[in-house]
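The block underneath contains the structure these notes are about, expressed in structure tokens.
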Amino acid sequence: MTERWAWAEIDLGAVARNVVRMRAAAQPAGVWAVVKADGYGHGALRVARAAQAAGATGLCVALVQEGVALRRAGVGGPILVLSEQPPEQLDEAVEHDLALTVYSATAVEAANQAAQRRTKVGYPVHLKVDTGMHRVGCHPADAAGLIERIEASPGLALAGVATHLAVADEPDDPYTGQQLATFATVRRSVPAGVLVHAANSAGALAHPAARHDVVRVGIALYGISPGPGVGPWVSDLEPVLSLRAKVSHRQRRAAGDRISYGLRHTFGRDTTVATLPIGYADGVPRRLSSTGGVVLIGGRRRPIVGVVTMDQLMVDLGDDEVAIGDEAVLIGRQGDEEIRAAEWAERLGTIGYEIVCGISARVPRRYRE
Ligand SMILES: *Cc1c(COP(=O)(O)O)cnc(C)c1O
């Protein structure tokens with residue numbers, strides 16, 4: 001089947017260049033590419049392969065299912081599941097050689113049993129320590145005991161000790177230093193040869209003391225800033241995703257006409273309106289129209305008019321010419337203009353992560369090598 005007139009273009013060359021930049025920033029620490037949530041909406045498999053080819057030495061996922069999908073597609077190398085998983089999924093995780101994260105005695109025992117059921121010895125687990133994010137992880141005081149428990153489990157081997165930073169994207173906040181100081185006390189109980197890791201993208205870029213042995217880089221691979229506070233560190237990262245559509249309808253409207261559900265927009269003058277076949281079911285938030293959202297057509301910024309509907313949205317072109325099939329850019333570059341995911345995020349009171357993760361499965365991804 002030929003594709004619809006709305007698609008996301010994924011520049012795998014940009015992924016590779018972002019990996020190389022992050023390796024240079026983090027070295028001598030290695031880079032593990034975080035490809036959870038289908039590679040932040042970019043396509044986990046293609047991003048994983050591009051990142052590995054560019055020197056990422058490991059991959060991270062949120063779910064067993066995400067890791068299994070990569071293995072089934074033939075992806076090798078370490079794949080780490082970042083949190084404890086439902087016990088009934090551990091056999092599948094072990095079968096597909098996914099390194100497990102643990103932070104409770106129960107999970108250590110469940111992992112050991114799953115490993116032994118598959119006659120594994122020294123199956124890799126990473127201990128996650130909660131140094132202040134307070135999402136998941138063991139209490140720092142319990143880390144040494146859990147390390148002993150892992151080492152006493154015949155099926156398991158301690159492969160890593162990790163923590164996660166809560167405010168790495170706000171480099172002036174002393175909390176990151178406190179988390180790293182707590183992590184330092186835990187590291188005294190970590191045997192040699194075990195990978196120590198703490199940094200997400202912001203940590204890897206803005207906090208040299210967080211880099212340790214490997215950094216877990218997600219958002220920076222996709223060329224999106226972790227937040228405004230790390231602006232100076234991300235200026236050379238390249239956005240990977242652009243969101244595009246072709247004009248599917250054009251019409252002339254008269255001054256005083258109103259448009260879209262609720263008739264919330266009234267035209268102040270006679271104007272040309274283009275319709276794009278993309279809407280909130282594709283991940284273009286309905287609120288984008290009421291928060292000043294624009295799209296690029298003919299290399300210029302054009303306001304979205306009327307509410308974004310499920311499958312379509314409308315754009316005001318003034319007296320400019322437009323033809324059915326002309327390309328519009330919702331996120332990305334056209335001519336000298338650019339709209340970044342961060343611009344949507346700022347309008348909508350969220351972060352770039354949520355924008356790209358929100359581009360739905362209905363939008364085909366087109367890959368450029
Ligand atoms: C998602 C995630 C990351 C990646 O964070 P970015 O800010 O996207 O770099 C790293 N570590 C853990 C534990 C995560 O959940």
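Just remember, in the structure tokens the first chain shown is A, the second B, etc., residues are 1-based per chain, and ligands are 1-based in the order shown.
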Around ligand 1, at most 9 Å away and counting only C-alpha atoms and all ligand atoms, which residues are there? Put them as a ChimeraX atom specification, please.
/A:33-36,40,60-62,82-83,128,162-165,168-169,198-204,215-222,224-226,353
Per-residue DSSP, segment 156-206 of chain A, filtered to helix (DSSP H, G or I), as a PyMOL selection string
chain A and resi 175-187+201-206
Could you save those same residues with C-alpha atoms as a compact mmCIF listing (two decimals), in the first residue's frame?
# COMPACT_ATOMS: atom_id res chain seq x y z
CA TYR A 175 20.72 18.31 44.45
CA THR A 176 22.64 16.47 41.70
CA GLY A 177 25.85 16.84 43.70
CA GLN A 178 24.06 15.42 46.74
CA GLN A 179 22.79 12.44 44.74
CA LEU A 180 26.29 11.78 43.40
CA ALA A 181 27.76 12.03 46.92
CA THR A 182 25.25 9.44 48.16
CA PHE A 183 26.10 7.26 45.14
CA ALA A 184 29.80 7.57 46.02
CA THR A 185 29.15 5.97 49.42
CA VAL A 186 27.43 3.04 47.66
CA ARG A 187 30.24 2.65 45.15
CA SER A 201 21.62 12.85 28.62
CA ALA A 202 21.67 15.93 30.84
CA GLY A 203 23.92 14.21 33.36
CA ALA A 204 26.34 13.11 30.64
CA LEU A 205 26.53 16.61 29.17
CA ALA A 206 26.42 18.93 32.16
Any idea what's packed within 10 Å of segment 304-308 of chain A, counting only C-alpha atoms, ignoring anything in its chain fewer than 6 positions away? Could you give it as JSON, numbers by chain?
{"A": [258, 259, 260, 261, 262, 263, 264, 265, 266, 267, 273, 274, 275, 278, 279, 280, 281, 284, 285, 286, 287, 288, 289, 290, 291, 292, 293, 294, 295, 314, 315, 316, 317]}
What lies within 7 Å of Gly358 of chain A using only C-alpha atoms, ignoring chain neighbours under 3 positions off, as a list in words?
Gly283, Glu354 and Ile355 of chain A
Those same residues - N, CA, C and O atoms - I'd like them written as a PDB file, in the first residue's frame.
ATOM      1  N   GLY A 283      -0.861  12.728  16.975  1.00  0.00           N
ATOM      2  CA  GLY A 283       0.072  13.305  17.931  1.00  0.00           C
ATOM      3  C   GLY A 283       0.267  14.798  17.784  1.00  0.00           C
ATOM      4  O   GLY A 283       1.183  15.361  18.380  1.00  0.00           O
ATOM      5  N   GLU A 354       7.858  14.408  25.473  1.00  0.00           N
ATOM      6  CA  GLU A 354       6.447  14.043  25.358  1.00  0.00           C
ATOM      7  C   GLU A 354       5.934  14.285  23.939  1.00  0.00           C
ATOM      8  O   GLU A 354       5.065  13.557  23.451  1.00  0.00           O
ATOM      9  N   ILE A 355       6.481  15.296  23.279  1.00  0.00           N
ATOM     10  CA  ILE A 355       6.054  15.594  21.900  1.00  0.00           C
ATOM     11  C   ILE A 355       6.409  14.432  20.978  1.00  0.00           C
ATOM     12  O   ILE A 355       5.551  13.920  20.257  1.00  0.00           O
TER      13      ILE A 355
END
Among segment 263-347 of chain A, which ones does DSSP place in strand (DSSP E or B), written as an NGL selection string?
:A and (265-266 or 271-276 or 294-297 or 300-305 or 313-318 or 327-334 or 337-339)
Can you check which parts of segment 223-309 of chain A lie within 9 Å of segment 8-16 of chain A? Per residue, the shortest pair of atoms and distance in Å to one decimal, counting only C-alpha atoms, sorted by chain and number, as CSV.
residue,atom,partner,partner_atom,distance
A:Gly223,CA,A:Val15,CA,7.6
A:Leu237,CA,A:Ala14,CA,8.3
A:Glu238,CA,A:Ala14,CA,5.9
A:Pro239,CA,A:Ala14,CA,7.0
A:Val240,CA,A:Asp11,CA,5.0
A:Leu241,CA,A:Ile10,CA,4.7
A:Ser242,CA,A:Glu9,CA,5.2
A:Leu243,CA,A:Ala8,CA,4.4
A:Arg244,CA,A:Ala8,CA,6.0
A:Ala245,CA,A:Ala8,CA,8.6
Could you take the residues named above and write them with N, CA, C and O atoms, as a PDB file, in the first residue's frame?
ATOM      1  N   GLY A 223      18.495  14.367  19.240  1.00  0.00           N
ATOM      2  CA  GLY A 223      18.779  15.760  18.917  1.00  0.00           C
ATOM      3  C   GLY A 223      17.847  16.741  19.591  1.00  0.00           C
ATOM      4  O   GLY A 223      17.636  17.850  19.098  1.00  0.00           O
ATOM      5  N   LEU A 237      23.808  19.308  18.773  1.00  0.00           N
ATOM      6  CA  LEU A 237      23.036  18.090  18.479  1.00  0.00           C
ATOM      7  C   LEU A 237      22.047  18.369  17.345  1.00  0.00           C
ATOM      8  O   LEU A 237      21.515  19.463  17.242  1.00  0.00           O
ATOM      9  N   GLU A 238      21.837  17.366  16.502  1.00  0.00           N
ATOM     10  CA  GLU A 238      20.951  17.556  15.338  1.00  0.00           C
ATOM     11  C   GLU A 238      19.615  16.872  15.552  1.00  0.00           C
ATOM     12  O   GLU A 238      19.581  15.661  15.815  1.00  0.00           O
ATOM     13  N   PRO A 239      18.504  17.583  15.394  1.00  0.00           N
ATOM     14  CA  PRO A 239      17.199  16.925  15.465  1.00  0.00           C
ATOM     15  C   PRO A 239      17.113  15.799  14.433  1.00  0.00           C
ATOM     16  O   PRO A 239      17.581  15.945  13.300  1.00  0.00           O
ATOM     17  N   VAL A 240      16.532  14.691  14.833  1.00  0.00           N
ATOM     18  CA  VAL A 240      16.478  13.493  13.994  1.00  0.00           C
ATOM     19  C   VAL A 240      15.132  13.379  13.269  1.00  0.00           C
ATOM     20  O   VAL A 240      15.060  12.929  12.139  1.00  0.00           O
ATOM     21  N   LEU A 241      14.092  13.800  13.957  1.00  0.00           N
ATOM     22  CA  LEU A 241      12.737  13.590  13.422  1.00  0.00           C
ATOM     23  C   LEU A 241      12.183  14.873  12.824  1.00  0.00           C
ATOM     24  O   LEU A 241      12.335  15.955  13.400  1.00  0.00           O
ATOM     25  N   SER A 242      11.551  14.744  11.666  1.00  0.00           N
ATOM     26  CA  SER A 242      10.704  15.838  11.190  1.00  0.00           C
ATOM     27  C   SER A 242       9.336  15.266  10.852  1.00  0.00           C
ATOM     28  O   SER A 242       9.207  14.090  10.479  1.00  0.00           O
ATOM     29  N   LEU A 243       8.325  16.087  11.074  1.00  0.00           N
ATOM     30  CA  LEU A 243       6.932  15.664  10.879  1.00  0.00           C
ATOM     31  C   LEU A 243       6.358  16.451   9.718  1.00  0.00           C
ATOM     32  O   LEU A 243       6.405  17.691   9.736  1.00  0.00           O
ATOM     33  N   ARG A 244       5.890  15.725   8.707  1.00  0.00           N
ATOM     34  CA  ARG A 244       5.501  16.380   7.455  1.00  0.00           C
ATOM     35  C   ARG A 244       4.144  15.898   6.974  1.00  0.00           C
ATOM     36  O   ARG A 244       3.709  14.803   7.305  1.00  0.00           O
ATOM     37  N   ALA A 245       3.501  16.729   6.168  1.00  0.00           N
ATOM     38  CA  ALA A 245       2.228  16.354   5.550  1.00  0.00           C
ATOM     39  C   ALA A 245       2.101  17.085   4.232  1.00  0.00           C
ATOM     40  O   ALA A 245       2.802  18.080   3.997  1.00  0.00           O
TER      41      ALA A 245
END
So which one's closest to Thr119 of chain A, A:Ala107, A:Leu156, A:Val102, A:Met1? Using only C-alpha atoms, please.
A:Leu156
Gly41 of chain A: which residues within 7 Å, counting only C-alpha atoms, same-chain residues fewer than 6 positions away excluded, as number ranges by chain?
A: 356-357, 359
Can you spit out the residues from that selection as a compact mmCIF listing (two decimals), in the first residue's frame, using N, CA and C atoms?
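Written file, again22.txt:
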# COMPACT_ATOMS: atom_id res chain seq x y z
N VAL A 356 7.66 14.01 20.97
CA VAL A 356 8.05 12.95 20.02
C VAL A 356 7.48 11.58 20.40
N CYS A 357 7.38 11.32 21.72
CA CYS A 357 6.75 10.04 22.13
C CYS A 357 5.27 10.02 21.76
N ILE A 359 3.90 11.10 18.95
CA ILE A 359 3.60 10.91 17.53
C ILE A 359 3.19 9.46 17.35
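One finds atom CA of Gly39 of chain A at 26.4 Å from atom CA of Thr309 of chain A.
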Between atom CA of Pro171 of chain A and atom CA of Ala210 of chain A, distance in Å (one decimal):
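Here the two named atoms are 11.8 Å from each other.
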May I ask for the distance between atom CA of His207 of chain A and atom CA of Leu146 of chain A, given in Å to one decimal place?
27.5 Å
Polymer residues at most 9 Å from segment 247-256 of chain A, only C-alpha atoms, same-chain spacing of 6 or more positions, as a VMD selection string:
chain A and resid 5 266 to 277 322 to 328
Output file for the selection above: N, CA, C and O atoms, as a CSV table (one decimal), in the first residue's frame:
chain,number,residue,atom,x,y,z
A,5,TRP,N,-0.6,10.9,3.2
A,5,TRP,CA,0.1,12.2,3.0
A,5,TRP,C,0.5,12.8,4.4
A,5,TRP,O,0.3,14.0,4.6
A,266,THR,N,-12.4,33.2,13.8
A,266,THR,CA,-13.1,34.0,12.8
A,266,THR,C,-12.1,34.7,11.9
A,266,THR,O,-11.1,35.3,12.4
A,267,PHE,N,-12.2,34.6,10.6
A,267,PHE,CA,-11.2,35.2,9.7
A,267,PHE,C,-11.4,36.7,9.7
A,267,PHE,O,-12.6,37.2,9.5
A,268,GLY,N,-10.4,37.5,9.8
A,268,GLY,CA,-10.5,38.9,9.8
A,268,GLY,C,-10.4,39.5,8.4
A,268,GLY,O,-10.7,40.7,8.2
A,269,ARG,N,-10.1,38.7,7.4
A,269,ARG,CA,-10.0,39.1,6.0
A,269,ARG,C,-10.2,37.9,5.1
A,269,ARG,O,-10.1,36.8,5.6
A,270,ASP,N,-10.4,38.2,3.8
A,270,ASP,CA,-10.4,37.1,2.8
A,270,ASP,C,-9.1,36.5,2.8
A,270,ASP,O,-8.0,37.1,2.9
A,271,THR,N,-9.1,35.1,2.7
A,271,THR,CA,-7.8,34.4,2.9
A,271,THR,C,-7.9,33.0,2.2
A,271,THR,O,-9.0,32.5,2.0
A,272,THR,N,-6.7,32.5,2.0
A,272,THR,CA,-6.6,31.1,1.5
A,272,THR,C,-6.3,30.2,2.7
A,272,THR,O,-5.4,30.5,3.5
A,273,VAL,N,-7.0,29.0,2.7
A,273,VAL,CA,-6.8,28.1,3.8
A,273,VAL,C,-6.4,26.7,3.2
A,273,VAL,O,-7.1,26.3,2.3
A,274,ALA,N,-5.4,26.2,3.8
A,274,ALA,CA,-5.0,24.8,3.4
A,274,ALA,C,-5.3,23.8,4.5
A,274,ALA,O,-5.2,24.1,5.6
A,275,THR,N,-5.8,22.6,4.1
A,275,THR,CA,-6.1,21.6,5.0
A,275,THR,C,-4.9,20.5,4.9
A,275,THR,O,-4.5,20.2,3.8
A,276,LEU,N,-4.4,20.1,6.1
A,276,LEU,CA,-3.4,19.0,6.2
A,276,LEU,C,-4.1,17.8,6.8
A,276,LEU,O,-4.8,17.9,7.8
A,277,PRO,N,-3.8,16.6,6.2
A,277,PRO,CA,-4.4,15.4,6.7
A,277,PRO,C,-3.7,14.8,7.9
A,277,PRO,O,-3.2,13.6,7.8
A,322,VAL,N,-1.0,28.1,-3.0
A,322,VAL,CA,-0.7,26.8,-2.5
A,322,VAL,C,-1.4,25.8,-3.4
A,322,VAL,O,-2.4,26.1,-4.0
A,323,ALA,N,-0.7,24.6,-3.6
A,323,ALA,CA,-1.3,23.6,-4.5
A,323,ALA,C,-1.6,22.3,-3.7
A,323,ALA,O,-0.8,22.0,-2.7
A,324,ILE,N,-2.6,21.6,-4.1
A,324,ILE,CA,-2.8,20.3,-3.5
A,324,ILE,C,-1.5,19.4,-3.7
A,324,ILE,O,-0.9,19.4,-4.7
A,325,GLY,N,-1.0,18.8,-2.6
A,325,GLY,CA,0.2,18.0,-2.7
A,325,GLY,C,1.5,18.8,-2.3
A,325,GLY,O,2.5,18.2,-2.1
A,326,ASP,N,1.4,20.1,-2.1
A,326,ASP,CA,2.5,20.9,-1.5
A,326,ASP,C,2.9,20.3,-0.2
A,326,ASP,O,2.0,20.0,0.6
A,327,GLU,N,4.2,20.4,0.2
A,327,GLU,CA,4.6,19.8,1.4
A,327,GLU,C,4.6,20.9,2.6
A,327,GLU,O,5.0,22.0,2.4
A,328,ALA,N,4.1,20.4,3.7
A,328,ALA,CA,4.0,21.3,4.9
A,328,ALA,C,4.9,20.6,6.0
A,328,ALA,O,5.0,19.4,6.0
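Counting only C-alpha atoms, the residue from A:Gly352, A:Leu127, A:Glu170, A:Gly30 that sits nearest to Trp233 of chain A is A:Glu170.
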Could you pull the residues within 8 Å of Glu109 of chain A, counting only C-alpha atoms, minus those fewer than 4 positions along the same chain, as a ChimeraX atom specification?
/A:105,113,153
Mind dumping the selected residues with all heavy atoms as a PDB file, in the first residue's frame?
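Resulting contents of out-v2.pdb:
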ATOM      1  N   ALA A 105      15.095  -7.680  47.394  1.00  0.00           N
ATOM      2  CA  ALA A 105      15.497  -9.075  47.604  1.00  0.00           C
ATOM      3  C   ALA A 105      14.584 -10.004  46.811  1.00  0.00           C
ATOM      4  O   ALA A 105      15.026 -11.017  46.254  1.00  0.00           O
ATOM      5  CB  ALA A 105      15.456  -9.391  49.098  1.00  0.00           C
ATOM      6  N   GLN A 113      16.042 -17.407  40.097  1.00  0.00           N
ATOM      7  CA  GLN A 113      15.266 -18.593  39.718  1.00  0.00           C
ATOM      8  C   GLN A 113      15.051 -18.651  38.209  1.00  0.00           C
ATOM      9  O   GLN A 113      15.170 -19.716  37.600  1.00  0.00           O
ATOM     10  CB  GLN A 113      13.931 -18.605  40.461  1.00  0.00           C
ATOM     11  CG  GLN A 113      14.118 -19.037  41.913  1.00  0.00           C
ATOM     12  CD  GLN A 113      12.819 -18.954  42.713  1.00  0.00           C
ATOM     13  OE1 GLN A 113      11.744 -18.761  42.137  1.00  0.00           O
ATOM     14  NE2 GLN A 113      12.935 -19.078  44.016  1.00  0.00           N
ATOM     15  N   SER A 153      24.028 -15.556  44.693  1.00  0.00           N
ATOM     16  CA  SER A 153      23.037 -16.249  43.850  1.00  0.00           C
ATOM     17  C   SER A 153      23.763 -16.927  42.702  1.00  0.00           C
ATOM     18  O   SER A 153      24.331 -16.251  41.844  1.00  0.00           O
ATOM     19  CB  SER A 153      22.022 -15.249  43.289  1.00  0.00           C
ATOM     20  OG  SER A 153      21.388 -14.533  44.333  1.00  0.00           O
TER      21      SER A 153
END
Between A:Thr57, A:Gln312, A:Ser189, A:Gln89, single out the one closest to Lys246 of chain A, counting only C-alpha atoms.
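Smallest distance to Lys246 of chain A is found for A:Gln312.
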